[in-house]
Structure formats: C-alpha cells, structure tokens
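Data from work.cif: mmCIF, C-alpha atoms
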```cif
data_start
#
loop_
_atom_site.label_atom_id
_atom_site.label_comp_id
_atom_site.auth_asym_id
_atom_site.auth_seq_id
_atom_site.Cartn_x
_atom_site.Cartn_y
_atom_site.Cartn_z
CA ASN J 1 -155.30 -220.43 -45.30
CA TYR J 2 -155.33 -216.69 -45.10
CA CYS J 3 -156.66 -214.20 -47.67
CA GLN J 4 -155.35 -210.66 -47.96
CA SER J 5 -156.69 -207.87 -50.16
CA ILE J 6 -154.22 -205.71 -52.05
CA THR J 7 -155.29 -202.37 -53.58
CA ILE J 8 -153.19 -200.91 -56.37
CA THR J 9 -153.68 -197.22 -57.07
CA ASN J 10 -152.42 -195.16 -59.96
CA PRO J 11 -150.85 -191.99 -58.66
CA ASN J 12 -150.95 -190.33 -62.07
CA ASN J 13 -153.59 -187.79 -63.09
CA ALA J 14 -153.57 -186.58 -66.71
CA ASN J 15 -156.40 -184.09 -66.45
CA TRP J 16 -156.05 -180.86 -68.41
CA THR J 17 -158.41 -178.19 -69.72
CA ALA J 18 -158.84 -177.56 -73.42
CA PRO J 19 -158.48 -173.91 -74.45
CA ALA J 20 -161.19 -171.92 -76.20
CA ALA J 21 -161.21 -171.95 -80.00
CA MET J 22 -158.09 -170.35 -81.44
CA CYS J 23 -157.36 -168.36 -84.56
CA ALA J 24 -154.80 -169.70 -87.01
CA ASN J 25 -152.84 -166.46 -86.68
CA ALA J 26 -152.80 -166.56 -82.88
CA ALA J 27 -149.59 -167.02 -80.86
CA SER J 28 -148.49 -170.50 -79.80
CA ILE J 29 -149.59 -171.67 -76.36
CA ASN J 30 -147.77 -173.60 -73.64
CA LEU J 31 -149.91 -176.68 -73.06
CA ASN J 32 -148.38 -177.26 -69.62
CA THR J 33 -150.27 -174.20 -68.39
CA LEU J 34 -153.49 -176.11 -69.04
CA VAL J 35 -152.64 -179.09 -66.84
CA THR J 36 -154.81 -179.58 -63.74
CA GLY J 37 -153.44 -183.02 -62.93
CA THR J 38 -149.91 -184.38 -62.67
CA ALA J 39 -147.22 -182.22 -64.24
CA GLY J 40 -144.33 -183.48 -66.34
CA GLY J 41 -146.26 -185.58 -68.82
CA THR J 42 -145.88 -185.68 -72.58
CA TRP J 43 -148.02 -184.16 -75.33
CA SER J 44 -148.90 -185.45 -78.77
CA GLY J 45 -151.10 -184.43 -81.66
CA THR J 46 -151.16 -182.18 -84.73
CA GLY J 47 -149.49 -178.83 -84.13
CA VAL J 48 -147.68 -180.05 -81.00
CA THR J 49 -143.94 -179.65 -80.54
CA GLY J 50 -142.81 -180.63 -77.05
CA SER J 51 -145.30 -178.88 -74.81
CA THR J 52 -146.15 -176.12 -77.34
CA PHE J 53 -149.20 -176.01 -79.57
CA ASN J 54 -148.79 -173.83 -82.67
CA PRO J 55 -152.05 -173.04 -84.55
CA SER J 56 -150.30 -171.56 -87.58
CA GLY J 57 -151.43 -173.18 -90.80
CA LEU J 58 -154.16 -175.21 -89.08
CA SER J 59 -157.89 -174.97 -89.72
CA SER J 60 -159.96 -177.68 -88.10
CA THR J 61 -160.51 -179.51 -84.79
CA TYR J 62 -157.53 -181.55 -83.58
CA PRO J 63 -157.34 -184.22 -80.82
CA ILE J 64 -154.46 -183.42 -78.46
CA THR J 65 -153.32 -186.06 -75.93
CA TYR J 66 -151.58 -185.65 -72.58
CA THR J 67 -149.88 -188.76 -71.17
CA VAL J 68 -148.54 -189.10 -67.61
CA GLY J 69 -146.42 -192.03 -66.44
CA THR J 70 -145.64 -195.31 -68.14
CA ALA J 71 -147.70 -198.44 -68.60
CA PRO J 72 -149.25 -200.04 -66.72
CA CYS J 73 -149.50 -196.96 -64.51
CA SER J 74 -149.97 -194.38 -67.25
CA LYS J 75 -152.87 -191.97 -67.56
CA VAL J 76 -154.04 -190.50 -70.83
CA VAL J 77 -156.50 -187.67 -71.42
CA THR J 78 -157.41 -186.36 -74.88
CA HIS J 79 -159.22 -183.12 -75.64
CA ASN J 80 -159.96 -181.36 -78.91
CA ILE J 81 -158.48 -177.98 -79.79
CA THR J 82 -160.34 -176.05 -82.49
CA VAL J 83 -158.43 -173.73 -84.80
CA ASN J 84 -160.37 -171.35 -87.04
CA PRO J 85 -158.88 -169.85 -90.21
CA ALA J 86 -157.94 -166.19 -89.94
CA PRO J 87 -160.57 -164.12 -91.77
CA VAL J 88 -159.58 -162.00 -94.79
CA ALA J 89 -161.45 -158.82 -95.68
CA THR J 90 -159.45 -157.76 -98.76
CA PHE J 91 -161.56 -156.38 -101.62
CA SER J 92 -161.65 -153.71 -104.32
CA TYR J 93 -163.94 -152.12 -106.87
CA THR J 94 -162.00 -153.10 -109.96
CA GLY J 95 -163.95 -150.93 -112.41
CA THR J 96 -163.51 -147.59 -110.63
CA PRO J 97 -164.14 -144.86 -111.64
CA TYR J 98 -167.80 -145.53 -112.39
CA CYS J 99 -170.30 -143.31 -114.20
CA LYS J 100 -173.55 -142.64 -112.33
CA ASN J 101 -175.56 -144.34 -115.10
CA ALA J 102 -173.45 -147.52 -115.12
CA ALA J 103 -174.50 -150.91 -113.71
CA ASN J 104 -174.24 -151.04 -109.92
CA PRO J 105 -170.84 -152.55 -109.00
CA SER J 106 -170.09 -155.29 -106.47
CA PRO J 107 -166.82 -155.60 -104.57
CA THR J 108 -164.24 -158.05 -105.89
CA PHE J 109 -162.64 -160.11 -103.11
CA SER J 110 -159.05 -161.36 -103.23
CA GLY J 111 -156.75 -163.52 -101.13
CA GLY J 112 -159.69 -165.41 -99.67
CA GLY J 113 -161.54 -162.23 -98.71
CA VAL J 114 -165.20 -162.38 -97.73
CA ALA J 115 -167.90 -159.84 -96.96
CA GLY J 116 -168.29 -158.47 -93.48
CA THR J 117 -170.05 -155.16 -92.88
CA PHE J 118 -169.47 -152.37 -95.38
CA THR J 119 -169.35 -148.69 -94.47
CA SER J 120 -168.12 -145.64 -96.38
CA SER J 121 -166.75 -142.17 -95.88
CA PRO J 122 -167.48 -139.34 -96.49
CA ALA J 123 -171.28 -139.25 -96.66
CA GLY J 124 -172.95 -139.51 -100.06
CA LEU J 125 -172.33 -143.12 -101.09
CA SER J 126 -175.35 -145.43 -101.27
CA ILE J 127 -173.95 -148.85 -100.30
CA ASN J 128 -175.46 -152.15 -99.18
CA ALA J 129 -173.89 -152.84 -95.79
CA ALA J 130 -174.13 -156.62 -96.19
CA THR J 131 -172.96 -157.07 -99.79
CA GLY J 132 -170.96 -153.93 -100.61
CA ILE J 133 -173.01 -153.35 -103.77
CA ILE J 134 -173.19 -149.64 -104.61
CA ASN J 135 -176.24 -147.85 -105.98
CA LEU J 136 -174.54 -145.45 -108.38
CA ALA J 137 -177.63 -143.50 -109.37
CA ALA J 138 -178.48 -142.83 -105.71
CA SER J 139 -174.92 -141.78 -104.83
CA THR J 140 -173.35 -138.35 -105.02
CA ALA J 141 -170.47 -138.06 -107.47
CA GLY J 142 -167.11 -138.08 -105.69
CA THR J 143 -164.38 -140.30 -104.26
CA TYR J 144 -165.10 -142.49 -101.24
CA THR J 145 -163.25 -144.88 -98.94
CA VAL J 146 -165.20 -148.09 -98.37
CA THR J 147 -164.39 -150.22 -95.32
CA ASN J 148 -165.14 -153.95 -94.99
CA THR J 149 -165.14 -155.06 -91.33
CA ILE J 150 -165.31 -158.73 -90.32
CA ALA J 151 -166.27 -158.92 -86.64
CA ALA J 152 -164.20 -160.83 -84.10
CA ALA J 153 -165.32 -164.48 -83.84
CA GLY J 154 -164.03 -167.98 -83.16
CA GLY J 155 -160.94 -166.72 -81.39
CA CYS J 156 -160.02 -164.44 -84.28
CA ALA J 157 -159.82 -160.68 -83.88
CA ALA J 158 -161.79 -158.31 -86.09
CA VAL J 159 -160.32 -157.76 -89.56
CA VAL J 160 -160.61 -154.51 -91.51
CA ALA J 161 -159.81 -153.72 -95.15
CA THR J 162 -160.44 -150.58 -97.20
CA SER J 163 -160.74 -149.71 -100.87
CA SER J 164 -161.39 -146.52 -102.81
CA ILE J 165 -164.18 -145.91 -105.31
CA THR J 166 -164.86 -142.89 -107.52
CA ILE J 167 -168.22 -142.00 -109.05
CA THR J 168 -168.42 -139.46 -111.86
CA THR J 169 -171.36 -137.43 -113.10
CA LEU J 170 -172.79 -138.29 -116.50
CA PRO J 171 -171.63 -135.47 -118.81
CA VAL J 172 -174.22 -133.29 -120.52
CA ALA J 173 -173.43 -131.64 -123.85
CA THR J 174 -176.77 -129.87 -124.49
CA PHE J 175 -176.47 -126.38 -126.00
CA SER J 176 -178.05 -124.02 -128.52
CA TYR J 177 -177.50 -120.73 -130.31
CA ILE J 178 -180.56 -118.96 -129.00
CA GLY J 179 -180.22 -115.88 -131.25
CA THR J 180 -180.23 -117.76 -134.55
CA PRO J 181 -180.53 -116.64 -137.32
CA TYR J 182 -177.57 -114.22 -137.11
CA CYS J 183 -176.57 -111.58 -139.56
CA GLN J 184 -172.95 -111.72 -140.71
CA ASN J 185 -172.26 -108.30 -139.23
CA ALA J 186 -173.68 -109.14 -135.78
CA ALA J 187 -171.63 -109.81 -132.63
CA ASN J 188 -170.08 -113.27 -132.62
CA PRO J 189 -172.43 -115.61 -130.68
CA SER J 190 -171.47 -118.12 -127.99
CA PRO J 191 -173.41 -121.33 -127.32
CA THR J 192 -175.90 -121.33 -124.45
CA PHE J 193 -175.72 -124.50 -122.35
CA SER J 194 -178.74 -126.08 -120.63
CA GLY J 195 -179.45 -128.99 -118.31
CA GLY J 196 -175.94 -128.87 -116.90
CA GLY J 197 -174.33 -128.89 -120.32
CA VAL J 198 -170.65 -128.00 -120.70
CA ALA J 199 -168.29 -127.43 -123.57
CA GLY J 200 -166.51 -130.34 -125.19
CA THR J 201 -165.17 -130.14 -128.72
CA PHE J 202 -167.23 -128.25 -131.29
CA THR J 203 -167.43 -129.23 -134.95
CA SER J 204 -169.80 -128.20 -137.72
CA SER J 205 -171.27 -129.39 -140.98
CA PRO J 206 -171.30 -128.57 -143.86
CA ALA J 207 -168.06 -126.64 -144.43
CA GLY J 208 -168.17 -122.85 -144.27
CA LEU J 209 -168.71 -122.12 -140.56
CA SER J 210 -165.85 -120.49 -138.65
CA ILE J 211 -166.14 -121.91 -135.14
CA ASN J 212 -163.83 -122.11 -132.13
CA ALA J 213 -163.51 -125.83 -131.40
CA ALA J 214 -162.95 -125.29 -127.67
CA THR J 215 -165.60 -122.66 -126.90
CA GLY J 216 -168.17 -122.95 -129.70
CA VAL J 217 -167.96 -119.21 -130.41
CA VAL J 218 -168.82 -118.55 -134.08
CA ASN J 219 -166.98 -115.95 -136.15
CA LEU J 220 -169.89 -114.64 -138.20
CA ALA J 221 -167.93 -112.35 -140.49
CA ALA J 222 -165.54 -115.17 -141.41
CA SER J 223 -168.37 -117.63 -142.05
CA THR J 224 -170.30 -118.27 -145.24
CA ALA J 225 -173.99 -117.49 -145.03
CA GLY J 226 -176.07 -120.63 -144.62
CA THR J 227 -177.47 -123.11 -142.11
CA TYR J 228 -175.13 -125.39 -140.18
CA THR J 229 -175.35 -128.23 -137.71
CA VAL J 230 -172.95 -127.75 -134.81
CA THR J 231 -171.94 -130.78 -132.73
CA ASN J 232 -170.61 -130.61 -129.15
CA THR J 233 -168.74 -133.81 -128.21
CA ILE J 234 -167.57 -134.50 -124.64
CA ALA J 235 -165.02 -137.31 -124.75
CA ALA J 236 -165.48 -140.48 -122.72
CA SER J 237 -163.83 -140.23 -119.29
CA GLY J 238 -164.22 -141.24 -115.66
CA GLY J 239 -166.14 -144.36 -116.60
CA CYS J 240 -168.70 -142.35 -118.59
CA ALA J 241 -169.24 -142.77 -122.32
CA ALA J 242 -168.88 -139.84 -124.68
CA ALA J 243 -171.77 -137.32 -124.68
CA VAL J 244 -172.89 -135.74 -127.95
CA ALA J 245 -175.39 -132.95 -128.64
CA THR J 246 -176.20 -130.94 -131.75
CA SER J 247 -177.77 -127.59 -132.49
CA SER J 248 -178.55 -125.62 -135.63
CA ILE J 249 -177.30 -122.12 -136.50
CA THR J 250 -178.20 -119.96 -139.48
CA ILE J 251 -176.13 -117.04 -140.79
CA THR J 252 -177.65 -114.53 -143.19
CA THR J 253 -175.88 -112.12 -145.55
CA SER J 254 -175.75 -108.50 -144.46
CA GLN J 255 -178.18 -106.35 -146.44
CA VAL J 256 -176.61 -103.63 -148.62
CA ALA J 257 -178.41 -100.30 -149.18
CA THR J 258 -175.68 -98.51 -151.15
CA PHE J 259 -176.94 -96.34 -154.06
CA SER J 260 -176.11 -93.19 -156.00
CA TYR J 261 -177.50 -90.81 -158.63
CA THR J 262 -174.98 -91.55 -161.33
CA GLY J 263 -176.00 -88.62 -163.61
CA THR J 264 -175.71 -85.87 -161.08
CA PRO J 265 -175.64 -82.95 -161.50
CA TYR J 266 -178.89 -82.78 -163.38
#
```
Serialized structure, structure tokens:
Amino acid sequence: NYCQSITITNPNNANWTAPAAMCANAASINLNTLVTGTAGGTWSGTGVTGSTFNPSGLSSTYPITYTVGTAPCSKVVTHNITVNPAPVATFSYTGTPYCKNAANPSPTFSGGGVAGTFTSSPAGLSINAATGIINLAASTAGTYTVTNTIAAAGGCAAVVATSSITITTLPVATFSYIGTPYCQNAANPSPTFSGGGVAGTFTSSPAGLSINAATGVVNLAASTAGTYTVTNTIAASGGCAAAVATSSITITTSQVATFSYTGTPY
C-alpha cells in the first residue's frame, strides 16, 4: 500500500481595502479600484450596483462583500463602508427686524439645519459663536449678515449658510416747550427734543391749541389762551413698539394798554 498527500490550494484572493467614511452627497466610487486581491469578482451590499457604490440617500454603516470565484473555490471578504449624512447649515432670524430692547433672538433652523460656528459682518453685532443667539442691547443698530459654518468632518465638506438680521434703535419721543408760558403775540415756539428724541405725530388736549402735527410748532396767535398737554407719538416700526411722550405748554393773553382821555379838549 502506498500513501500520497494531495494539497489543494485556492487561487482566489478577495482582499480589498475599505474607503474612508463618505458623505451622502459625495460622488459614487468604483469598488474595483479598492481591490488588492484577485480582480474580476462580484460585489454585493446596500448602495452597490455592479462594481459601483453610490452613497446618495444613505446614512449609516453598510457591510459590502466582494466575492471571487465559485464554490468550493470561492473567496469572500466583507468590509464596512460608513456614509455620513450631508450637514445642513440653513437658518434665519424669523423676527427681524428687532428692536434693541426686545428679547434676544435665537436662529431658527430649517431643512435639517444645525448650529456650526456663527460669525457676522460688519462689526457691531454681539453674537454667541456657538448658538447664534444675539445680544440686542449690546449690539449696534444696523443690518448684518450672519454666517453659520459647519466644519468639514466625516468625509463631508464644510457647509456654509447666511442670513440677514436688522436691529433698530428704540425710538425716543421726549420733548418740551422750554419757553412756556408764551404770550399770544410771541414768536411761534418749536419743541425742544432731549435724550435723542425725535418728532413723531403731535396732538394736544384740550381743544384750542393750533399745532403742526408733523413738527410740533405751535401757532400762538391762532391758539386760545390756556394750558395744554401736547403728546408726541412715534409709531411702532422696525420691531420697536410705539414711543409716546408728553409735555405741557401754557399760552397767556396779550396785555392791552390802550387808553384815551375821552373828554379832551378840557
């Protein structure tokens, strides 16, 4: 009796190298370019068509298999390919414009947007770089462009989105008629503004005062002598509520010194 040893070897080698994590919006890859073993095998797994892997619409880790040869001489190697969702930076400040004395606004994200790093231009906006919350009171009134930048990561490139925000100054209506009381024959007085006050719409009470609604100038000669309360109202605008201020004005009757000697000559 004779014994003889027979060695059977598998000539197939299914080794391949998994790619780095991919972004869902990345271009498809040719899996054959990853093969380090025997070429001409077949591929299978989620996202695979023929020898192409398409990450579009995927967002997880997927086992991908490369098979070379047929049983019993087949070789199979499986690696995972990770696909990360494409980041979204879209946001806005939905309440703009904002008054400086309003509650500090946060960005509103849309389309799956998330916070990255917030910056603004031009200078003057007080913004939290991590959250996008704006400190209105500490900001200079004006219009700014805010940028939300999500850094490149997980195979995905950096994503940038911008939004505009406007901050308006709280209106001031403070004024007075510093020369009061006025005689009816004096020069018509204008209001004197203080603390940054500006003209709005002027009204008065009670009736009898002749006043220019736009400027607050009082026509003394056309007014009835008396004391009046004048109101300056700046309408709500730019996210700021209406501003109202009042001041008092008094008009006195012109003195008359006319006389005669009715019996002359004497």
Do you know which residues the PyMOL selection byres ((chain J and resi 87) around 10) returns on this file, as a PyMOL selection string? chain J and resi 23-25+84-86+88-90+112-116+150-153+156-160
Apply the PyMOL selection byres ((chain J and resi 253) around 9) to the displayed file and report the matching residues as a PyMOL selection string. chain J and resi 182-185+224-226+251-252+254-255
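When atom CA of J:Gly239 is paired with atom CA of J:Pro171, their separation reads 10.7 Å.
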For the file shown, report as number ranges by chain the outcome of the PyMOL selection byres ((chain J and resi 79) around 12) at residue level. J: 14-20, 31, 34-35, 43-45, 61-67, 76-78, 80-82
Nearest to J:Thr117 among J:Ser163, J:Ile134, J:Gly142, J:Thr147, with distances taken over all atoms listed in the file: which residue is it? J:Thr147
Which of these, J:Val256, J:Val217, J:Ile178, J:Ala141, has the shortest distance to J:Ser204 once you count all atoms listed in the file? J:Val217
If you count all atoms listed in the file, which residues fall within 7 Å of J:Pro191, apart from same-chain ones fewer than 4 positions away, as a PyMOL selection string? chain J and resi 175-177+216-217
Hey, which of J:Ile127, J:Val218, J:Ala102, J:Cys73 ends up closest to J:Tyr144? Count only C-alpha atoms. J:Ile127
Pick the closest to J:Tyr98 from J:Asn135, J:Ser190, J:Asn32, J:Thr215: which is it, counting all atoms listed in the file? J:Asn135
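The residue that comes closest to J:Thr168, out of J:Met22, J:Ser237, J:Ser59, J:Ser248 and on the basis of all atoms listed in the file, is J:Ser237.
Going from atom CA of J:Pro11 over to atom CA of J:Ile29, you cover 27.0 Å.
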Within 6 Å of J:Ile249, counting only C-alpha atoms, which residues qualify if same-chain residues fewer than 6 places away don't, as a PDB file with C-alpha atoms, in the coordinates of the input?
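Generated file (selection-v1.pdb):
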```pdb
ATOM      1  CA  THR J 180    -180.230-117.760-134.550  1.00  0.00           C
ATOM      2  CA  THR J 227    -177.470-123.110-142.110  1.00  0.00           C
ATOM      3  CA  TYR J 228    -175.130-125.390-140.180  1.00  0.00           C
TER       4      TYR J 228
END
```
For J:Thr36, which residue out of J:Asn12, J:Thr108, J:Ser126, J:Ala71 is the nearest one, using only C-alpha atoms? J:Asn12
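One finds atom CA of J:Pro107 at 22.0 Å from atom CA of J:Ala241.
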